[in-house]
>>> print(open('input-v6.pdb').read())   # PDB, C-alpha atoms
ATOM      1  CA  MET Q   1       0.000   0.000   0.000
ATOM      2  CA  SER Q   2       2.895   2.353   0.689
ATOM      3  CA  LEU Q   3       3.872   2.099  -2.992
ATOM      4  CA  CYS Q   4       0.464   3.254  -4.228
ATOM      5  CA  SER Q   5       0.464   6.758  -5.679
ATOM      6  CA  HIS Q   6      -3.283   7.452  -5.605
ATOM      7  CA  GLU Q   7      -5.612   7.975  -2.656
ATOM      8  CA  TRP Q   8      -7.928   5.051  -3.441
ATOM      9  CA  VAL Q   9      -6.580   1.489  -3.204
ATOM     10  CA  LEU Q  10      -8.190  -1.559  -4.822
ATOM     11  CA  ASN Q  11      -6.718  -4.591  -3.090
ATOM     12  CA  LEU Q  12      -7.031  -7.717  -5.244
ATOM     13  CA  ASP Q  13      -5.211 -11.038  -5.191
ATOM     14  CA  GLY Q  14      -3.845 -12.597  -8.364
ATOM     15  CA  ASP Q  15      -6.747 -15.071  -8.457
ATOM     16  CA  GLU Q  16      -9.433 -12.357  -8.366
ATOM     17  CA  VAL Q  17     -11.128 -10.524 -11.249
ATOM     18  CA  ILE Q  18     -13.390  -7.480 -11.229
ATOM     19  CA  ASN Q  19     -16.114  -6.697 -13.762
ATOM     20  CA  SER Q  20     -17.281  -3.500 -15.468
ATOM     21  CA  SER Q  21     -20.319  -3.097 -13.186
ATOM     22  CA  LEU Q  22     -18.098  -3.064 -10.095
ATOM     23  CA  ILE Q  23     -15.664  -0.655 -11.774
ATOM     24  CA  ASP Q  24     -18.515   1.761 -12.545
ATOM     25  CA  ALA Q  25     -19.790   1.594  -8.964
ATOM     26  CA  LEU Q  26     -16.311   2.253  -7.540
ATOM     27  CA  LYS Q  27     -15.786   5.196  -9.907
ATOM     28  CA  ALA Q  28     -19.049   6.758  -8.701
ATOM     29  CA  ILE Q  29     -17.987   6.357  -5.066
ATOM     30  CA  MET Q  30     -14.664   8.061  -5.780
ATOM     31  CA  GLU Q  31     -16.274  10.896  -7.734
ATOM     32  CA  HIS Q  32     -18.871  11.654  -5.057
ATOM     33  CA  ASP Q  33     -16.601  10.898  -2.071
ATOM     34  CA  LYS Q  34     -19.344   8.779  -0.464
ATOM     35  CA  ALA Q  35     -17.120   6.751   1.868
ATOM     36  CA  ASP Q  36     -13.622   5.912   3.049
ATOM     37  CA  SER Q  37     -14.027   2.160   2.575
ATOM     38  CA  VAL Q  38     -16.237  -0.105   0.462
ATOM     39  CA  ARG Q  39     -17.347  -3.710   0.959
ATOM     40  CA  PHE Q  40     -18.746  -5.894  -1.815
ATOM     41  CA  TRP Q  41     -19.453  -9.580  -2.483
ATOM     42  CA  ARG Q  42     -16.898 -12.231  -3.391
ATOM     43  CA  ASN Q  43     -18.164 -14.754  -5.932
ATOM     44  CA  ASP Q  44     -16.225 -17.999  -5.373
ATOM     45  CA  ILE Q  45     -15.648 -20.113  -8.480
ATOM     46  CA  PHE Q  46     -15.246 -23.802  -7.560
ATOM     47  CA  ILE Q  47     -14.642 -26.621 -10.033
ATOM     48  CA  ASP Q  48     -15.180 -24.247 -12.969
ATOM     49  CA  LYS Q  49     -18.536 -22.874 -11.770
ATOM     50  CA  PRO Q  50     -19.791 -20.233  -9.366
ATOM     51  CA  LEU Q  51     -21.589 -21.509  -6.292
ATOM     52  CA  SER Q  52     -25.394 -21.330  -6.244
ATOM     53  CA  SER Q  53     -26.884 -17.843  -6.009
ATOM     54  CA  TRP Q  54     -28.588 -19.136  -2.836
ATOM     55  CA  THR Q  55     -25.222 -19.904  -1.207
ATOM     56  CA  LYS Q  56     -24.206 -17.068   1.097
ATOM     57  CA  LYS Q  57     -21.320 -15.069  -0.327
ATOM     58  CA  THR Q  58     -18.518 -13.542   1.699
ATOM     59  CA  ASN Q  59     -18.317  -9.772   1.585
ATOM     60  CA  ASN Q  60     -14.864  -8.320   1.338
ATOM     61  CA  HIS Q  61     -13.392  -4.973   2.224
ATOM     62  CA  ARG Q  62     -11.141  -4.334  -0.783
ATOM     63  CA  PHE Q  63     -11.514  -0.677  -1.764
ATOM     64  CA  TYR Q  64     -10.421   2.082   0.603
ATOM     65  CA  LYS Q  65      -8.615   5.359   1.027
ATOM     66  CA  ARG Q  66      -4.903   4.919   1.593
ATOM     67  CA  SER Q  67      -4.659   7.913   3.952
ATOM     68  CA  LYS Q  68      -7.191   6.349   6.351
ATOM     69  CA  SER Q  69      -5.917   2.765   6.222
ATOM     70  CA  PHE Q  70      -3.237   0.563   7.728
ATOM     71  CA  PHE Q  71      -2.306  -3.107   7.920
ATOM     72  CA  ASP Q  72      -1.624  -5.032  11.136
ATOM     73  CA  ASP Q  73       1.874  -6.475  10.598
ATOM     74  CA  SER Q  74       1.280  -9.228  13.172
ATOM     75  CA  ARG Q  75      -1.267 -10.942  10.905
ATOM     76  CA  LEU Q  76       0.399 -13.653   8.848
ATOM     77  CA  VAL Q  77      -2.674 -14.690   6.824
ATOM     78  CA  HIS Q  78      -6.035 -13.213   5.779
ATOM     79  CA  GLU Q  79      -4.589  -9.725   6.069
ATOM     80  CA  SER Q  80      -6.919  -6.838   5.409
ATOM     81  CA  ALA Q  81      -6.658  -3.122   5.880
ATOM     82  CA  THR Q  82      -8.119  -1.441   8.913
ATOM     83  CA  VAL Q  83      -9.821   1.774   7.885
ATOM     84  CA  ASN Q  84     -10.578   4.668  10.203
ATOM     85  CA  GLY Q  85     -13.574   6.211   8.486
ATOM     86  CA  LYS Q  86     -16.967   5.642   6.951
ATOM     87  CA  GLU Q  87     -17.535   2.194   5.438
ATOM     88  CA  ILE Q  88     -20.324   1.360   3.001
ATOM     89  CA  PHE Q  89     -21.528  -1.835   1.336
ATOM     90  CA  ILE Q  90     -22.459  -2.067  -2.335
ATOM     91  CA  ASN Q  91     -24.335  -4.958  -3.930
ATOM     92  CA  GLU Q  92     -21.628  -5.772  -6.489
ATOM     93  CA  THR Q  93     -19.376  -8.807  -6.905
ATOM     94  CA  PHE Q  94     -15.902  -9.793  -7.987
ATOM     95  CA  ASP Q  95     -14.886 -13.307  -9.043
ATOM     96  CA  HIS Q  96     -12.481 -15.343  -6.928
ATOM     97  CA  PHE Q  97     -10.779 -18.267  -8.678
ATOM     98  CA  GLY Q  98      -8.709 -19.341  -5.623
ATOM     99  CA  TYR Q  99     -11.036 -22.306  -5.128
ATOM    100  CA  SER Q 100     -10.645 -23.544  -8.690
ATOM    101  CA  THR Q 101      -9.586 -27.086  -7.707
ATOM    102  CA  ILE Q 102      -9.642 -29.274  -4.631
ATOM    103  CA  ALA Q 103      -5.848 -29.495  -4.797
ATOM    104  CA  ALA Q 104      -5.549 -25.689  -4.846
ATOM    105  CA  ILE Q 105      -7.772 -25.342  -1.777
ATOM    106  CA  THR Q 106      -5.989 -28.163   0.047
ATOM    107  CA  ASN Q 107      -2.577 -26.597  -0.568
ATOM    108  CA  LYS Q 108      -3.813 -23.140   0.412
ATOM    109  CA  HIS Q 109      -5.489 -24.450   3.568
ATOM    110  CA  ASN Q 110      -2.362 -26.352   4.582
ATOM    111  CA  THR Q 111      -0.185 -23.255   4.237
ATOM    112  CA  TYR Q 112      -2.724 -20.886   5.814
ATOM    113  CA  SER Q 113      -3.482 -23.168   8.763
ATOM    114  CA  SER Q 114       0.238 -23.325   9.615
ATOM    115  CA  LEU Q 115       0.557 -19.535   9.395
ATOM    116  CA  LYS Q 116      -2.600 -18.975  11.453
ATOM    117  CA  ALA Q 117      -1.431 -21.419  14.142
ATOM    118  CA  ASP Q 118       1.960 -19.668  14.269
ATOM    119  CA  GLU Q 119       0.222 -16.282  14.521
ATOM    120  CA  LYS Q 120      -1.991 -17.474  17.399
ATOM    121  CA  PHE Q 121       0.987 -19.084  19.154
ATOM    122  CA  ALA Q 122       3.042 -15.872  18.860
ATOM    123  CA  LYS Q 123       0.142 -13.924  20.426
ATOM    124  CA  GLY Q 124      -0.061 -16.414  23.324
ATOM    125  CA  LYS Q 125      -3.458 -17.806  22.316
ATOM    126  CA  LYS Q 126      -4.003 -21.212  23.921
ATOM    127  CA  PHE Q 127      -5.387 -24.249  22.127
ATOM    128  CA  SER Q 128      -8.645 -25.716  23.334
ATOM    129  CA  ASN Q 129      -9.330 -29.423  23.811
ATOM    130  CA  LEU Q 130     -13.052 -28.721  23.485
ATOM    131  CA  LYS Q 131     -12.517 -26.802  20.258
ATOM    132  CA  LEU Q 132     -10.291 -29.569  18.908
ATOM    133  CA  ILE Q 133     -13.126 -32.068  19.436
ATOM    134  CA  THR Q 134     -16.085 -29.936  18.316
ATOM    135  CA  ILE Q 135     -14.700 -27.726  15.549
ATOM    136  CA  ILE Q 136     -15.267 -30.105  12.625
ATOM    137  CA  PRO Q 137     -19.006 -30.695  13.155
ATOM    138  CA  LEU Q 138     -19.689 -27.096  14.190
ATOM    139  CA  VAL Q 139     -17.924 -25.517  11.209
ATOM    140  CA  PHE Q 140     -19.483 -28.057   8.842
ATOM    141  CA  ILE Q 141     -22.977 -27.191  10.119
ATOM    142  CA  LYS Q 142     -22.223 -23.471   9.864
ATOM    143  CA  GLU Q 143     -20.898 -23.738   6.300
ATOM    144  CA  TYR Q 144     -23.331 -26.304   4.917
ATOM    145  CA  PHE Q 145     -26.544 -25.025   6.467
ATOM    146  CA  PHE Q 146     -26.111 -21.446   7.719
ATOM    147  CA  ARG Q 147     -23.844 -20.273   4.874
ATOM    148  CA  ARG Q 148     -26.153 -22.300   2.599
ATOM    149  CA  LYS Q 149     -23.551 -24.345   0.737
ATOM    150  CA  ILE Q 150     -26.241 -27.044   0.704
ATOM    151  CA  PHE Q 151     -27.705 -25.234  -2.340
ATOM    152  CA  SER Q 152     -24.474 -25.771  -4.284
ATOM    153  CA  GLY Q 153     -24.926 -29.550  -4.372
ATOM    154  CA  LYS Q 154     -21.903 -31.828  -4.205
ATOM    155  CA  ARG Q 155     -19.547 -28.873  -4.665
ATOM    156  CA  GLY Q 156     -21.102 -27.168  -1.625
ATOM    157  CA  PHE Q 157     -20.793 -30.342   0.440
ATOM    158  CA  ILE Q 158     -17.124 -30.701  -0.528
ATOM    159  CA  LEU Q 159     -16.394 -27.059   0.356
ATOM    160  CA  ALA Q 160     -18.186 -27.351   3.718
ATOM    161  CA  VAL Q 161     -16.115 -30.439   4.615
ATOM    162  CA  MET Q 162     -12.922 -28.703   3.494
ATOM    163  CA  LYS Q 163     -13.709 -25.569   5.550
ATOM    164  CA  ALA Q 164     -14.366 -27.753   8.596
ATOM    165  CA  TYR Q 165     -11.064 -29.559   8.133
ATOM    166  CA  TYR Q 166      -9.263 -26.230   7.657
ATOM    167  CA  ALA Q 167     -10.651 -24.994  10.987
ATOM    168  CA  PHE Q 168      -9.574 -28.265  12.631
ATOM    169  CA  SER Q 169      -6.087 -27.984  11.108
ATOM    170  CA  LYS Q 170      -5.585 -24.515  12.612
ATOM    171  CA  GLU Q 171      -6.478 -25.771  16.095
ATOM    172  CA  ALA Q 172      -4.472 -29.009  15.708
ATOM    173  CA  LYS Q 173      -1.406 -27.075  14.544
ATOM    174  CA  LEU Q 174      -1.763 -24.653  17.450
ATOM    175  CA  TYR Q 175      -1.768 -27.694  19.755
ATOM    176  CA  GLU Q 176       1.305 -29.008  17.918
ATOM    177  CA  ASN Q 177       3.065 -25.655  18.415
ATOM    178  CA  TYR Q 178       2.494 -25.866  22.166
ATOM    179  CA  GLN Q 179       3.836 -29.426  22.212
ATOM    180  CA  THR Q 180       6.961 -28.702  20.168
ATOM    181  CA  LYS Q 181       7.846 -24.997  20.242
ATOM    182  CA  GLN Q 182       7.113 -24.500  23.921
ATOM    183  CA  LYS Q 183       9.633 -27.235  24.779
ATOM    184  CA  THR Q 184      12.339 -25.601  22.674
ATOM    185  CA  ASN Q 185      11.761 -22.244  24.391
ATOM    186  CA  LEU Q 186      12.452 -23.682  27.866
TER     187      LEU Q 186
END
>>> encode(input="input-v6.pdb", output="structure tokens")
Amino acid sequence: MSLCSHEWVLNLDGDEVINSSLIDALKAIMEHDKADSVRFWRNDIFIDKPLSSWTKKTNNHRFYKRSKSFFDDSRLVHESATVNGKEIFINETFDHFGYSTIAAITNKHNTYSSLKADEKFAKGKKFSNLKLITIIPLVFIKEYFFRRKIFSGKRGFILAVMKAYYAFSKEAKLYENYQTKQKTNL
């Protein structure tokens, strides 16, 4: 962000694509100075297709004023800018191809769960035996039913299972950190 030369920042990953409708909406926000930060929907593409329109989409905070924003350097994964100012939501989407294959998600989840466990360990967050036992069914229920992946058929079921395992991996790796890293720090 420090290398950006304009006030407004559009933060996209390499596996994300915006469309002309979103571009027009963002231009209007800049021209009328309606906000300091904008949230909009992420449309996940999984196994070459978007999820069902009934599946709940994630909304992302990806467009903001540089002068009112900063990043928390202690976050190792899922970094996003913190904005001190007015935030609005617009009903627009961008496409996210980071879930294109099961292998891609598995690799990403393995890397991210290690980073997240390391981040929690560095902040002194303790693992939970109860969470270790209950996280898989609870996250599956949340993803499959409450986030409505059930409407995306087999692809939704697969994603819900993968999200549940990702949540379990973060907690299991935090436990592993306490078993291995704590001993080396003695």
>>> residues_around(input="input-v6.pdb", residues="Ala164 in chain Q", least_positions_apart="3", cutoff="9 Å", atoms="only C-alpha atoms", output="mmCIF file with C-alpha atoms, keeping the file's coordinate frame")
data_model
loop_
_atom_site.group_PDB
_atom_site.id
_atom_site.type_symbol
_atom_site.label_atom_id
_atom_site.label_comp_id
_atom_site.auth_asym_id
_atom_site.auth_seq_id
_atom_site.Cartn_x
_atom_site.Cartn_y
_atom_site.Cartn_z
ATOM 1 C CA ILE Q 135 -14.700 -27.726 15.549
ATOM 2 C CA ILE Q 136 -15.267 -30.105 12.625
ATOM 3 C CA PRO Q 137 -19.006 -30.695 13.155
ATOM 4 C CA LEU Q 138 -19.689 -27.096 14.190
ATOM 5 C CA VAL Q 139 -17.924 -25.517 11.209
ATOM 6 C CA PHE Q 140 -19.483 -28.057 8.842
ATOM 7 C CA ILE Q 141 -22.977 -27.191 10.119
ATOM 8 C CA GLU Q 143 -20.898 -23.738 6.300
ATOM 9 C CA LEU Q 159 -16.394 -27.059 0.356
ATOM 10 C CA ALA Q 160 -18.186 -27.351 3.718
ATOM 11 C CA VAL Q 161 -16.115 -30.439 4.615
ATOM 12 C CA ALA Q 167 -10.651 -24.994 10.987
ATOM 13 C CA PHE Q 168 -9.574 -28.265 12.631
ATOM 14 C CA SER Q 169 -6.087 -27.984 11.108
#
>>> closest_atom_pairs(input="input-v6.pdb", of="range 27-59 of chain Q", to="range 91-105 of chain Q", cutoff="6 Å", atoms="all atoms listed in the file", output="tab-separated table")
residue	atom	partner	partner_atom	distance
Q:Phe40	CA	Q:Glu92	CA	5.5
Q:Trp41	CA	Q:Thr93	CA	4.5
Q:Arg42	CA	Q:Phe94	CA	5.3
Q:Asn43	CA	Q:Asp95	CA	4.7
Q:Asp44	CA	Q:His96	CA	4.8
Q:Ile45	CA	Q:Phe97	CA	5.2
Q:Phe46	CA	Q:Ser100	CA	4.7
Q:Ile47	CA	Q:Ser100	CA	5.2
>>> resolve_selection(input="input-v6.pdb", expression="the PyMOL selection byres ((chain Q and resi 8) around 6)", output="ChimeraX atom specification")
/Q:6-7,9,64-66
>>> residues_around(input="input-v6.pdb", residues="Asn11 in chain Q", least_positions_apart="3", cutoff="9 Å", atoms="only C-alpha atoms", output="VMD selection string")
chain Q and resid 1 61 to 64 80
>>> atom_distance(input="input-v6.pdb", atom1="CA of Arg39 in chain Q", atom2="CA of Asn59 in chain Q")
6.2 Å
>>> closest_residue(input="input-v6.pdb", among="Q:Glu79, Q:Glu171, Q:Glu87, Q:Asp73", to="Asp118 in chain Q", atoms="only C-alpha atoms")
Q:Glu171
>>> atom_distance(input="input-v6.pdb", atom1="CA of Pro50 in chain Q", atom2="CA of Lys116 in chain Q")
27.0 Å
>>> atom_distance(input="input-v6.pdb", atom1="CA of Thr106 in chain Q", atom2="CA of Phe157 in chain Q")
15.0 Å
>>> resolve_selection(input="input-v6.pdb", expression="the PyMOL selection byres ((chain Q and resi 115) around 10)", output="JSON list (two decimals) with C-alpha atoms, in the frame of the given file")
[["chain", "number", "residue", "atom", "x", "y", "z"],
["Q", 75, "ARG", "CA", -1.27, -10.94, 10.90],
["Q", 76, "LEU", "CA", 0.40, -13.65, 8.85],
["Q", 77, "VAL", "CA", -2.67, -14.69, 6.82],
["Q", 78, "HIS", "CA", -6.04, -13.21, 5.78],
["Q", 109, "HIS", "CA", -5.49, -24.45, 3.57],
["Q", 110, "ASN", "CA", -2.36, -26.35, 4.58],
["Q", 111, "THR", "CA", -0.18, -23.26, 4.24],
["Q", 112, "TYR", "CA", -2.72, -20.89, 5.81],
["Q", 113, "SER", "CA", -3.48, -23.17, 8.76],
["Q", 114, "SER", "CA", 0.24, -23.32, 9.62],
["Q", 116, "LYS", "CA", -2.60, -18.98, 11.45],
["Q", 117, "ALA", "CA", -1.43, -21.42, 14.14],
["Q", 118, "ASP", "CA", 1.96, -19.67, 14.27],
["Q", 119, "GLU", "CA", 0.22, -16.28, 14.52],
["Q", 120, "LYS", "CA", -1.99, -17.47, 17.40],
["Q", 121, "PHE", "CA", 0.99, -19.08, 19.15],
["Q", 170, "LYS", "CA", -5.58, -24.52, 12.61],
["Q", 173, "LYS", "CA", -1.41, -27.08, 14.54],
["Q", 174, "LEU", "CA", -1.76, -24.65, 17.45]]
>>> resolve_selection(input="input-v6.pdb", expression="the PyMOL selection byres ((chain Q and resi 53) around 10)", output="list in words")
Asn43, Pro50, Leu51, Ser52, Trp54, Thr55, Lys56, Lys57, Arg148, Lys149, Phe151 and Ser152 of chain Q
>>> closest_residue(input="input-v6.pdb", among="Q:Asn84, Q:Asn19, Q:Asn107, Q:Asn129", to="Met162 in chain Q", atoms="all atoms listed in the file")
Q:Asn107
>>> axis_aligned_box(input="input-v6.pdb", around="range 48-63 of chain Q", padding_each_side="4 Å", output="AutoDock Vina command-line options")
--center_x -19.9 --center_y -12.5 --center_z -5.4 --size_x 25.4 --size_y 31.6 --size_z 23.2
>>> residues_around(input="input-v6.pdb", residues="Lys86 in chain Q", least_positions_apart="2", cutoff="7 Å", atoms="only C-alpha atoms", output="PyMOL selection string")
chain Q and resi 35-37+88
>>> closest_residue(input="input-v6.pdb", among="Q:Ala28, Q:Cys4, Q:Ile158, Q:Leu22", to="Tyr144 in chain Q", atoms="all atoms listed in the file")
Q:Ile158
>>> decode(input="input-v6.pdb", residues="range 69-81 of chain Q", atoms="all heavy atoms", output="PDB file, in the first residue's frame")
ATOM      1  N   SER Q  69      -6.041   4.217   6.089  1.00  0.00           N
ATOM      2  CA  SER Q  69      -5.917   2.765   6.222  1.00  0.00           C
ATOM      3  C   SER Q  69      -4.535   2.342   6.700  1.00  0.00           C
ATOM      4  O   SER Q  69      -3.550   3.024   6.460  1.00  0.00           O
ATOM      5  CB  SER Q  69      -6.181   2.103   4.871  1.00  0.00           C
ATOM      6  OG  SER Q  69      -7.384   2.547   4.322  1.00  0.00           O
ATOM      7  N   PHE Q  70      -4.510   1.172   7.343  1.00  0.00           N
ATOM      8  CA  PHE Q  70      -3.237   0.563   7.728  1.00  0.00           C
ATOM      9  C   PHE Q  70      -3.415  -0.944   7.833  1.00  0.00           C
ATOM     10  O   PHE Q  70      -4.527  -1.446   7.957  1.00  0.00           O
ATOM     11  CB  PHE Q  70      -2.706   1.145   9.042  1.00  0.00           C
ATOM     12  CG  PHE Q  70      -3.543   0.798  10.251  1.00  0.00           C
ATOM     13  CD1 PHE Q  70      -3.255  -0.319  11.017  1.00  0.00           C
ATOM     14  CD2 PHE Q  70      -4.625   1.591  10.615  1.00  0.00           C
ATOM     15  CE1 PHE Q  70      -4.030  -0.650  12.117  1.00  0.00           C
ATOM     16  CE2 PHE Q  70      -5.399   1.274  11.722  1.00  0.00           C
ATOM     17  CZ  PHE Q  70      -5.103   0.146  12.468  1.00  0.00           C
ATOM     18  N   PHE Q  71      -2.306  -1.653   7.766  1.00  0.00           N
ATOM     19  CA  PHE Q  71      -2.306  -3.107   7.920  1.00  0.00           C
ATOM     20  C   PHE Q  71      -1.656  -3.475   9.243  1.00  0.00           C
ATOM     21  O   PHE Q  71      -0.662  -2.867   9.644  1.00  0.00           O
ATOM     22  CB  PHE Q  71      -1.543  -3.785   6.775  1.00  0.00           C
ATOM     23  CG  PHE Q  71      -2.333  -3.907   5.511  1.00  0.00           C
ATOM     24  CD1 PHE Q  71      -2.341  -2.880   4.580  1.00  0.00           C
ATOM     25  CD2 PHE Q  71      -3.075  -5.042   5.254  1.00  0.00           C
ATOM     26  CE1 PHE Q  71      -3.067  -2.985   3.411  1.00  0.00           C
ATOM     27  CE2 PHE Q  71      -3.811  -5.156   4.093  1.00  0.00           C
ATOM     28  CZ  PHE Q  71      -3.804  -4.123   3.165  1.00  0.00           C
ATOM     29  N   ASP Q  72      -2.185  -4.492   9.904  1.00  0.00           N
ATOM     30  CA  ASP Q  72      -1.624  -5.032  11.136  1.00  0.00           C
ATOM     31  C   ASP Q  72      -0.520  -6.018  10.746  1.00  0.00           C
ATOM     32  O   ASP Q  72      -0.801  -7.087  10.197  1.00  0.00           O
ATOM     33  CB  ASP Q  72      -2.731  -5.732  11.936  1.00  0.00           C
ATOM     34  CG  ASP Q  72      -2.236  -6.366  13.225  1.00  0.00           C
ATOM     35  OD1 ASP Q  72      -1.013  -6.380  13.483  1.00  0.00           O
ATOM     36  OD2 ASP Q  72      -3.081  -6.871  13.977  1.00  0.00           O
ATOM     37  N   ASP Q  73       0.729  -5.651  11.006  1.00  0.00           N
ATOM     38  CA  ASP Q  73       1.874  -6.475  10.598  1.00  0.00           C
ATOM     39  C   ASP Q  73       1.960  -7.810  11.336  1.00  0.00           C
ATOM     40  O   ASP Q  73       2.702  -8.696  10.912  1.00  0.00           O
ATOM     41  CB  ASP Q  73       3.183  -5.708  10.800  1.00  0.00           C
ATOM     42  CG  ASP Q  73       3.307  -4.526   9.858  1.00  0.00           C
ATOM     43  OD1 ASP Q  73       2.669  -4.550   8.788  1.00  0.00           O
ATOM     44  OD2 ASP Q  73       4.032  -3.574  10.194  1.00  0.00           O
ATOM     45  N   SER Q  74       1.216  -7.974  12.428  1.00  0.00           N
ATOM     46  CA  SER Q  74       1.280  -9.228  13.172  1.00  0.00           C
ATOM     47  C   SER Q  74       0.417 -10.320  12.529  1.00  0.00           C
ATOM     48  O   SER Q  74       0.543 -11.481  12.873  1.00  0.00           O
ATOM     49  CB  SER Q  74       0.842  -9.025  14.627  1.00  0.00           C
ATOM     50  OG  SER Q  74      -0.550  -8.744  14.703  1.00  0.00           O
ATOM     51  N   ARG Q  75      -0.424  -9.948  11.587  1.00  0.00           N
ATOM     52  CA  ARG Q  75      -1.267 -10.942  10.905  1.00  0.00           C
ATOM     53  C   ARG Q  75      -0.460 -11.593   9.790  1.00  0.00           C
ATOM     54  O   ARG Q  75       0.073 -10.920   8.915  1.00  0.00           O
ATOM     55  CB  ARG Q  75      -2.523 -10.290  10.341  1.00  0.00           C
ATOM     56  CG  ARG Q  75      -3.404  -9.771  11.477  1.00  0.00           C
ATOM     57  CD  ARG Q  75      -4.790  -9.510  11.071  1.00  0.00           C
ATOM     58  NE  ARG Q  75      -5.438 -10.741  10.648  1.00  0.00           N
ATOM     59  CZ  ARG Q  75      -6.663 -10.779  10.189  1.00  0.00           C
ATOM     60  NH1 ARG Q  75      -7.358  -9.684  10.080  1.00  0.00           N
ATOM     61  NH2 ARG Q  75      -7.194 -11.919   9.809  1.00  0.00           N
ATOM     62  N   LEU Q  76      -0.383 -12.913   9.834  1.00  0.00           N
ATOM     63  CA  LEU Q  76       0.399 -13.653   8.848  1.00  0.00           C
ATOM     64  C   LEU Q  76      -0.450 -14.142   7.676  1.00  0.00           C
ATOM     65  O   LEU Q  76       0.084 -14.496   6.629  1.00  0.00           O
ATOM     66  CB  LEU Q  76       1.064 -14.857   9.519  1.00  0.00           C
ATOM     67  CG  LEU Q  76       2.004 -14.541  10.686  1.00  0.00           C
ATOM     68  CD1 LEU Q  76       2.532 -15.824  11.304  1.00  0.00           C
ATOM     69  CD2 LEU Q  76       3.141 -13.650  10.221  1.00  0.00           C
ATOM     70  N   VAL Q  77      -1.768 -14.188   7.853  1.00  0.00           N
ATOM     71  CA  VAL Q  77      -2.674 -14.690   6.824  1.00  0.00           C
ATOM     72  C   VAL Q  77      -4.017 -13.980   6.942  1.00  0.00           C
ATOM     73  O   VAL Q  77      -4.369 -13.488   8.024  1.00  0.00           O
ATOM     74  CB  VAL Q  77      -2.825 -16.223   6.936  1.00  0.00           C
ATOM     75  CG1 VAL Q  77      -3.549 -16.623   8.198  1.00  0.00           C
ATOM     76  CG2 VAL Q  77      -3.478 -16.830   5.737  1.00  0.00           C
ATOM     77  N   HIS Q  78      -4.736 -13.909   5.850  1.00  0.00           N
ATOM     78  CA  HIS Q  78      -6.035 -13.213   5.779  1.00  0.00           C
ATOM     79  C   HIS Q  78      -5.893 -11.755   6.215  1.00  0.00           C
ATOM     80  O   HIS Q  78      -6.726 -11.221   6.946  1.00  0.00           O
ATOM     81  CB  HIS Q  78      -7.102 -13.922   6.623  1.00  0.00           C
ATOM     82  CG  HIS Q  78      -7.309 -15.346   6.240  1.00  0.00           C
ATOM     83  ND1 HIS Q  78      -7.647 -15.730   4.959  1.00  0.00           N
ATOM     84  CD2 HIS Q  78      -7.231 -16.483   6.961  1.00  0.00           C
ATOM     85  CE1 HIS Q  78      -7.762 -17.048   4.924  1.00  0.00           C
ATOM     86  NE2 HIS Q  78      -7.508 -17.527   6.107  1.00  0.00           N
ATOM     87  N   GLU Q  79      -4.824 -11.119   5.742  1.00  0.00           N
ATOM     88  CA  GLU Q  79      -4.589  -9.725   6.069  1.00  0.00           C
ATOM     89  C   GLU Q  79      -5.631  -8.859   5.376  1.00  0.00           C
ATOM     90  O   GLU Q  79      -6.039  -9.148   4.263  1.00  0.00           O
ATOM     91  CB  GLU Q  79      -3.208  -9.251   5.588  1.00  0.00           C
ATOM     92  CG  GLU Q  79      -2.067 -10.172   5.857  1.00  0.00           C
ATOM     93  CD  GLU Q  79      -1.854 -11.245   4.795  1.00  0.00           C
ATOM     94  OE1 GLU Q  79      -2.746 -11.495   3.967  1.00  0.00           O
ATOM     95  OE2 GLU Q  79      -0.789 -11.854   4.816  1.00  0.00           O
ATOM     96  N   SER Q  80      -6.053  -7.831   6.050  1.00  0.00           N
ATOM     97  CA  SER Q  80      -6.919  -6.838   5.409  1.00  0.00           C
ATOM     98  C   SER Q  80      -6.651  -5.501   6.083  1.00  0.00           C
ATOM     99  O   SER Q  80      -6.216  -5.440   7.234  1.00  0.00           O
ATOM    100  CB  SER Q  80      -8.394  -7.218   5.507  1.00  0.00           C
ATOM    101  OG  SER Q  80      -8.827  -7.184   6.837  1.00  0.00           O
ATOM    102  N   ALA Q  81      -6.917  -4.463   5.352  1.00  0.00           N
ATOM    103  CA  ALA Q  81      -6.658  -3.122   5.880  1.00  0.00           C
ATOM    104  C   ALA Q  81      -7.683  -2.774   6.950  1.00  0.00           C
ATOM    105  O   ALA Q  81      -8.844  -3.155   6.866  1.00  0.00           O
ATOM    106  CB  ALA Q  81      -6.714  -2.099   4.753  1.00  0.00           C
TER     107      ALA Q  81
END
